[in-house]
file input_23.pdb (PDB, C-alpha atoms)
ATOM      1  CA  MET A   1      44.242 -66.332  39.720
ATOM      2  CA  LEU A   2      44.595 -66.406  35.975
ATOM      3  CA  ARG A   3      40.977 -65.393  35.491
ATOM      4  CA  SER A   4      41.327 -62.479  37.901
ATOM      5  CA  ARG A   5      44.369 -61.129  36.071
ATOM      6  CA  THR A   6      42.595 -61.523  32.748
ATOM      7  CA  LEU A   7      39.531 -59.609  33.939
ATOM      8  CA  VAL A   8      41.671 -56.818  35.394
ATOM      9  CA  ALA A   9      43.596 -56.507  32.133
ATOM     10  CA  ALA A  10      40.379 -56.438  30.103
ATOM     11  CA  CYS A  11      38.871 -53.718  32.299
ATOM     12  CA  ALA A  12      42.044 -51.644  32.049
ATOM     13  CA  CYS A  13      42.018 -51.886  28.280
ATOM     14  CA  LEU A  14      38.370 -50.883  28.117
ATOM     15  CA  LEU A  15      39.004 -47.849  30.322
ATOM     16  CA  VAL A  16      41.854 -46.722  28.073
ATOM     17  CA  LEU A  17      39.854 -47.200  24.888
ATOM     18  CA  CYS A  18      36.783 -45.423  26.201
ATOM     19  CA  GLY A  19      38.425 -42.014  26.467
ATOM     20  CA  CYS A  20      36.574 -38.887  25.491
ATOM     21  CA  ASP A  21      38.089 -38.541  22.046
ATOM     22  CA  PHE A  22      37.567 -42.220  21.308
ATOM     23  CA  ALA A  23      33.968 -42.034  22.461
ATOM     24  CA  ARG A  24      33.292 -39.064  20.202
ATOM     25  CA  ARG A  25      34.792 -40.846  17.204
ATOM     26  CA  MET A  26      32.829 -43.991  17.972
ATOM     27  CA  ALA A  27      29.580 -42.051  18.212
ATOM     28  CA  ARG A  28      30.074 -40.557  14.742
ATOM     29  CA  LYS A  29      30.535 -43.951  13.077
ATOM     30  CA  PRO A  30      27.940 -46.526  12.079
ATOM     31  CA  TRP A  31      28.755 -50.077  13.143
ATOM     32  CA  GLY A  32      29.620 -52.258  10.154
ATOM     33  CA  LYS A  33      31.965 -54.896   8.747
ATOM     34  CA  GLY A  34      34.991 -53.093  10.164
ATOM     35  CA  THR A  35      33.689 -54.108  13.597
ATOM     36  CA  LEU A  36      32.317 -57.556  12.835
ATOM     37  CA  VAL A  37      35.267 -59.150  11.015
ATOM     38  CA  PRO A  38      38.026 -58.233  13.534
ATOM     39  CA  ALA A  39      35.719 -59.059  16.423
ATOM     40  CA  LEU A  40      35.015 -62.566  15.110
ATOM     41  CA  ALA A  41      38.661 -63.194  14.262
ATOM     42  CA  CYS A  42      39.994 -62.035  17.618
ATOM     43  CA  GLY A  43      37.192 -63.807  19.439
ATOM     44  CA  ALA A  44      38.217 -67.096  17.843
ATOM     45  CA  VAL A  45      41.895 -66.483  18.617
ATOM     46  CA  GLY A  46      41.109 -65.427  22.183
ATOM     47  CA  ALA A  47      38.929 -68.487  22.751
ATOM     48  CA  GLY A  48      41.710 -70.764  21.522
ATOM     49  CA  THR A  49      44.300 -68.970  23.614
ATOM     50  CA  GLY A  50      42.132 -69.139  26.702
ATOM     51  CA  TRP A  51      41.547 -72.842  26.142
ATOM     52  CA  VAL A  52      45.304 -73.540  25.902
ATOM     53  CA  ILE A  53      46.155 -71.448  28.957
ATOM     54  CA  GLN A  54      43.445 -73.077  31.031
ATOM     55  CA  ASN A  55      44.482 -76.538  29.845
ATOM     56  CA  ASN A  56      48.157 -75.983  30.793
ATOM     57  CA  ARG A  57      47.594 -74.751  34.304
ATOM     58  CA  PRO A  58      48.425 -77.244  37.142
ATOM     59  CA  GLY A  59      45.510 -79.582  37.681
ATOM     60  CA  CYS A  60      46.496 -81.069  41.039
ATOM     61  CA  THR A  61      47.519 -79.524  44.391
ATOM     62  CA  ALA A  62      49.322 -81.294  47.299
ATOM     63  CA  LEU A  63      47.788 -80.621  50.685
ATOM     64  CA  ASN A  64      50.073 -81.161  53.676
ATOM     65  CA  VAL A  65      48.242 -81.829  56.936
ATOM     66  CA  GLU A  66      50.370 -82.092  60.122
ATOM     67  CA  GLY A  67      50.602 -85.599  61.400
ATOM     68  CA  GLU A  68      49.085 -87.061  58.254
ATOM     69  CA  PRO A  69      50.561 -88.124  54.923
ATOM     70  CA  PRO A  70      50.367 -85.580  52.057
ATOM     71  CA  VAL A  71      47.051 -85.522  50.183
ATOM     72  CA  VAL A  72      46.938 -84.676  46.465
ATOM     73  CA  VAL A  73      43.734 -82.869  45.326
ATOM     74  CA  CYS A  74      43.007 -82.688  41.569
ATOM     75  CA  ASP A  75      40.215 -80.656  39.977
ATOM     76  CA  ASP A  76      38.739 -80.359  36.506
ATOM     77  CA  LYS A  77      40.733 -77.860  34.435
ATOM     78  CA  GLU A  78      37.487 -76.407  32.969
ATOM     79  CA  GLN A  79      39.001 -75.400  29.627
ATOM     80  CA  TRP A  80      35.643 -73.973  28.534
ATOM     81  CA  LYS A  81      35.980 -71.185  31.070
ATOM     82  CA  GLY A  82      39.319 -70.125  29.602
ATOM     83  CA  ALA A  83      37.891 -70.270  26.103
ATOM     84  CA  LEU A  84      34.882 -68.214  27.162
ATOM     85  CA  ILE A  85      36.942 -65.516  28.856
ATOM     86  CA  GLY A  86      39.547 -65.342  26.061
ATOM     87  CA  GLY A  87      36.864 -65.263  23.373
ATOM     88  CA  ALA A  88      34.936 -62.483  25.135
ATOM     89  CA  VAL A  89      38.046 -60.356  25.627
ATOM     90  CA  GLY A  90      39.167 -60.804  22.018
ATOM     91  CA  LEU A  91      35.660 -60.113  20.710
ATOM     92  CA  VAL A  92      35.266 -56.862  22.645
ATOM     93  CA  LEU A  93      38.762 -55.464  22.173
ATOM     94  CA  CYS A  94      39.145 -56.226  18.482
ATOM     95  CA  GLY A  95      35.561 -55.187  17.810
ATOM     96  CA  LEU A  96      36.174 -51.750  19.306
ATOM     97  CA  VAL A  97      39.551 -51.310  17.615
ATOM     98  CA  GLY A  98      38.171 -52.515  14.283
ATOM     99  CA  HIS A  99      35.249 -50.168  14.570
ATOM    100  CA  MET A 100      37.532 -47.224  15.281
ATOM    101  CA  VAL A 101      40.009 -48.064  12.516
ATOM    102  CA  PHE A 102      38.033 -49.633   9.696
ATOM    103  CA  ASP A 103      34.419 -48.429   9.914
ATOM    104  CA  PRO A 104      33.981 -45.187   7.918
ATOM    105  CA  GLU A 105      32.566 -42.149   9.596
ATOM    106  CA  ALA A 106      29.078 -41.134   8.649
ATOM    107  CA  PRO A 107      29.023 -38.254   6.165
ATOM    108  CA  THR A 108      28.379 -34.906   7.727
ATOM    109  CA  PRO A 109      24.860 -33.866   6.752
ATOM    110  CA  THR A 110      24.710 -30.738   4.661
ATOM    111  CA  PRO A 111      22.786 -28.127   6.592
ATOM    112  CA  THR A 112      19.574 -27.169   4.923
ATOM    113  CA  PRO A 113      19.659 -23.464   4.133
ATOM    114  CA  THR A 114      17.134 -21.520   6.105
ATOM    115  CA  LEU A 115      14.839 -19.742   3.728
ATOM    116  CA  PRO A 116      13.277 -16.461   4.753
ATOM    117  CA  PRO A 117       9.565 -16.654   5.427
ATOM    118  CA  PRO A 118       7.505 -15.965   2.330
ATOM    119  CA  THR A 119       6.461 -12.396   1.942
ATOM    120  CA  PRO A 120       2.704 -12.207   2.410
ATOM    121  CA  THR A 121       0.878 -11.127  -0.685
ATOM    122  CA  PRO A 122      -0.488  -7.660  -0.059
ATOM    123  CA  ARG A 123      -4.215  -7.402  -0.219
ATOM    124  CA  PRO A 124      -5.343  -5.561  -3.291
ATOM    125  CA  VAL A 125      -6.150  -1.969  -2.579
ATOM    126  CA  LYS A 126      -9.702  -1.202  -3.476
ATOM    127  CA  LYS A 127      -9.564   1.674  -5.889
ATOM    128  CA  LYS A 128     -11.995   4.526  -5.636
ATOM    129  CA  ILE A 129     -14.379   4.641  -8.561
ATOM    130  CA  ILE A 130     -15.367   8.096  -9.733
ATOM    131  CA  LEU A 131     -18.078   8.617 -12.346
ATOM    132  CA  ARG A 132     -18.452  12.141 -13.625
ATOM    133  CA  GLY A 133     -21.854  13.599 -14.275
ATOM    134  CA  VAL A 134     -23.118  15.339 -17.414
ATOM    135  CA  GLU A 135     -24.936  18.618 -17.938
ATOM    136  CA  PHE A 136     -27.953  19.456 -20.115
ATOM    137  CA  ASP A 137     -29.266  22.428 -21.999
ATOM    138  CA  TYR A 138     -32.167  24.440 -20.627
ATOM    139  CA  ASP A 139     -35.428  22.498 -20.723
ATOM    140  CA  LYS A 140     -33.758  19.628 -22.615
ATOM    141  CA  SER A 141     -33.182  15.952 -21.868
ATOM    142  CA  ASP A 142     -31.072  15.218 -24.933
ATOM    143  CA  ILE A 143     -27.457  14.152 -24.324
ATOM    144  CA  ARG A 144     -25.108  16.816 -25.624
ATOM    145  CA  PRO A 145     -22.076  15.931 -27.772
ATOM    146  CA  ASP A 146     -19.687  17.105 -25.053
ATOM    147  CA  ALA A 147     -21.307  14.620 -22.627
ATOM    148  CA  ARG A 148     -20.577  11.548 -24.747
ATOM    149  CA  PRO A 149     -16.854  11.235 -23.815
ATOM    150  CA  VAL A 150     -17.842  11.444 -20.151
ATOM    151  CA  LEU A 151     -20.442   8.708 -20.586
ATOM    152  CA  GLU A 152     -18.013   6.524 -22.570
ATOM    153  CA  GLU A 153     -15.583   6.804 -19.676
ATOM    154  CA  ALA A 154     -18.373   5.677 -17.339
ATOM    155  CA  VAL A 155     -19.096   2.710 -19.612
ATOM    156  CA  ALA A 156     -15.433   1.622 -19.532
ATOM    157  CA  ILE A 157     -15.292   1.885 -15.728
ATOM    158  CA  LEU A 158     -18.495  -0.121 -15.304
ATOM    159  CA  ARG A 159     -17.164  -2.853 -17.599
ATOM    160  CA  GLU A 160     -13.982  -3.112 -15.536
ATOM    161  CA  ASN A 161     -16.018  -3.363 -12.320
ATOM    162  CA  PRO A 162     -18.894  -5.744 -13.057
ATOM    163  CA  ASP A 163     -20.018  -5.862  -9.408
ATOM    164  CA  VAL A 164     -20.628  -2.132  -9.202
ATOM    165  CA  LYS A 165     -24.179  -0.824  -9.300
ATOM    166  CA  VAL A 166     -25.080   2.754 -10.114
ATOM    167  CA  VAL A 167     -27.945   5.109  -9.326
ATOM    168  CA  ILE A 168     -28.595   7.578 -12.130
ATOM    169  CA  GLU A 169     -29.818  10.798 -10.512
ATOM    170  CA  GLY A 170     -31.464  13.551 -12.576
ATOM    171  CA  HIS A 171     -31.543  17.234 -11.501
ATOM    172  CA  THR A 172     -32.832  20.587 -12.823
ATOM    173  CA  ASP A 173     -32.560  24.277 -12.070
ATOM    174  CA  SER A 174     -35.368  26.155 -10.322
ATOM    175  CA  ILE A 175     -37.018  27.684 -13.403
ATOM    176  CA  ALA A 176     -40.532  26.340 -14.054
ATOM    177  CA  SER A 177     -42.729  24.553 -11.565
ATOM    178  CA  GLU A 178     -41.560  21.822  -9.210
ATOM    179  CA  ALA A 179     -43.831  19.250 -10.862
ATOM    180  CA  TYR A 180     -42.480  20.069 -14.303
ATOM    181  CA  ASN A 181     -38.873  20.006 -13.065
ATOM    182  CA  GLN A 182     -39.487  16.643 -11.400
ATOM    183  CA  LYS A 183     -40.604  15.111 -14.700
ATOM    184  CA  LEU A 184     -37.729  16.810 -16.544
ATOM    185  CA  SER A 185     -35.143  15.380 -14.069
ATOM    186  CA  GLU A 186     -36.554  11.886 -14.585
ATOM    187  CA  ARG A 187     -36.369  12.243 -18.383
ATOM    188  CA  ARG A 188     -32.735  13.330 -18.136
ATOM    189  CA  ALA A 189     -31.877  10.345 -15.907
ATOM    190  CA  ARG A 190     -33.688   8.039 -18.344
ATOM    191  CA  ALA A 191     -31.670   9.422 -21.250
ATOM    192  CA  VAL A 192     -28.411   8.489 -19.508
ATOM    193  CA  TYR A 193     -29.869   5.094 -18.540
ATOM    194  CA  ARG A 194     -30.687   4.303 -22.184
ATOM    195  CA  TYR A 195     -27.197   5.368 -23.269
ATOM    196  CA  LEU A 196     -25.486   3.023 -20.788
ATOM    197  CA  VAL A 197     -27.770   0.097 -21.631
ATOM    198  CA  ALA A 198     -27.182   0.629 -25.349
ATOM    199  CA  ALA A 199     -23.413   0.488 -24.589
ATOM    200  CA  GLY A 200     -23.815  -2.998 -23.077
ATOM    201  CA  ILE A 201     -24.249  -2.285 -19.360
ATOM    202  CA  ASP A 202     -26.617  -4.724 -17.640
ATOM    203  CA  PRO A 203     -29.886  -2.889 -16.808
ATOM    204  CA  ALA A 204     -30.014  -4.777 -13.501
ATOM    205  CA  ARG A 205     -26.998  -2.750 -12.386
ATOM    206  CA  LEU A 206     -28.713   0.577 -13.048
ATOM    207  CA  SER A 207     -31.491   2.388 -11.240
ATOM    208  CA  VAL A 208     -33.055   5.755 -12.085
ATOM    209  CA  VAL A 209     -34.306   8.513  -9.818
ATOM    210  CA  GLY A 210     -35.266  12.151 -10.417
ATOM    211  CA  TYR A 211     -34.838  14.879  -7.787
ATOM    212  CA  GLY A 212     -36.164  17.839  -9.741
ATOM    213  CA  GLU A 213     -34.878  21.149  -8.378
ATOM    214  CA  SER A 214     -34.543  19.914  -4.769
ATOM    215  CA  ARG A 215     -30.762  19.317  -4.765
ATOM    216  CA  PRO A 216     -28.924  22.236  -6.349
ATOM    217  CA  ILE A 217     -25.118  22.344  -6.260
ATOM    218  CA  ALA A 218     -24.912  26.015  -7.218
ATOM    219  CA  SER A 219     -27.031  29.166  -6.973
ATOM    220  CA  ASN A 220     -30.029  29.348  -9.258
ATOM    221  CA  ASP A 221     -29.726  33.147  -9.289
ATOM    222  CA  THR A 222     -27.063  33.160 -12.011
ATOM    223  CA  PRO A 223     -26.963  31.581 -15.478
ATOM    224  CA  GLU A 224     -23.779  29.774 -14.585
ATOM    225  CA  GLY A 225     -25.265  28.312 -11.413
ATOM    226  CA  ARG A 226     -28.425  27.189 -13.193
ATOM    227  CA  ALA A 227     -26.306  25.520 -15.912
ATOM    228  CA  ARG A 228     -24.482  23.484 -13.257
ATOM    229  CA  ASN A 229     -27.771  22.428 -11.681
ATOM    230  CA  ARG A 230     -29.101  21.032 -14.978
ATOM    231  CA  ARG A 231     -27.261  17.724 -14.623
ATOM    232  CA  VAL A 232     -27.283  13.954 -14.173
ATOM    233  CA  GLU A 233     -25.022  12.389 -11.560
ATOM    234  CA  LEU A 234     -23.892   8.752 -11.392
ATOM    235  CA  ARG A 235     -23.738   7.561  -7.792
ATOM    236  CA  ILE A 236     -21.922   4.323  -6.958
ATOM    237  CA  LEU A 237     -23.822   1.821  -4.813
ATOM    238  CA  GLY A 238     -20.922  -0.658  -4.652
ATOM    239  CA  PRO A 239     -20.799  -4.445  -5.100
TER     240      PRO A 239
END

call {"tool": "encode", "arguments": {"input": "input_23.pdb", "output": "structure tokens"}}
result
Amino acid sequence: MLRSRTLVAACACLLVLCGCDFARRMARKPWGKGTLVPALACGAVGAGTGWVIQNNRPGCTALNVEGEPPVVVCDDKEQWKGALIGGAVGLVLCGLVGHMVFDPEAPTPTPTPTLPPPTPTPRPVKKKIILRGVEFDYDKSDIRPDARPVLEEAVAILRENPDVKVVIEGHTDSIASEAYNQKLSERRARAVYRYLVAAGIDPARLSVVGYGESRPIASNDTPEGRARNRRVELRILGP
């Protein structure tokens, strides 16, 4: 009877302590000394109390059978059972209460700030390289003074773009024979080639071709048109 009442009382206490708010608080706490010390202390006290209660209960019972003399039945008091039940109840109850009261709550983790995704580095825009051509006097392959700034600009661009290769194309007007103009266009292209090489441009990046009078950009019927056709163009091949 005593054990039944003790178990019922223990279950009732556990139900009360395991409420929602208590459960939430318990879940936020790490188990530590605040649980262990009260649990051990109350377990020892409960075991002793259970031992005393079990030892003091009546050990003998008189059985009355009709027509026969009374019979007295005595049993072992089994103090260890009282100590076991009392110790278990004290261990559980004080452990839970000690955990709730004495164990500190775990610190709330500081949320890691969400960083925006890194901005992708834009791909470099490939710039358009423009090399201006130069013009020549009639029946000449010498580089004129006004052509030197244009060629120096070409040298600077080629130094900044070491992977670029260039075709040096020579042209003439339509005066004189085609064979003569072909040779003259090649001499003009060679003159520009020598200028660029002398300025430090790798000869392997340069190629020379003469087109004679076959590719005019203006009419050969006027002096102005013929002057425009006497030229050397620098055509980019690319890396």

call {"tool": "atom_distance", "arguments": {"input": "input_23.pdb", "atom1": "CA of Ile236 in chain A", "atom2": "CA of Lys140 in chain A"}}
result
24.9 Å

call {"tool": "resolve_selection", "arguments": {"input": "input_23.pdb", "expression": "the PyMOL selection byres ((chain A and resi 184) around 12)", "output": "VMD selection string"}}
result
chain A and resid 136 to 142 169 to 183 185 to 191 209 to 213 230 to 232

call {"tool": "closest_residue", "arguments": {"input": "input_23.pdb", "among": "A:Asp146, A:Glu160, A:Asp202, A:Glu233", "to": "Arg132 in chain A", "atoms": "all atoms listed in the file"}}
result
A:Glu233

call {"tool": "closest_residue", "arguments": {"input": "input_23.pdb", "among": "A:Pro117, A:Val164, A:Tyr195, A:Pro111", "to": "Pro149 in chain A", "atoms": "only C-alpha atoms"}}
result
A:Tyr195

call {"tool": "closest_residue", "arguments": {"input": "input_23.pdb", "among": "A:Leu237, A:Ala218, A:Leu151, A:Ile157", "to": "Leu206 in chain A", "atoms": "all atoms listed in the file"}}
result
A:Leu237
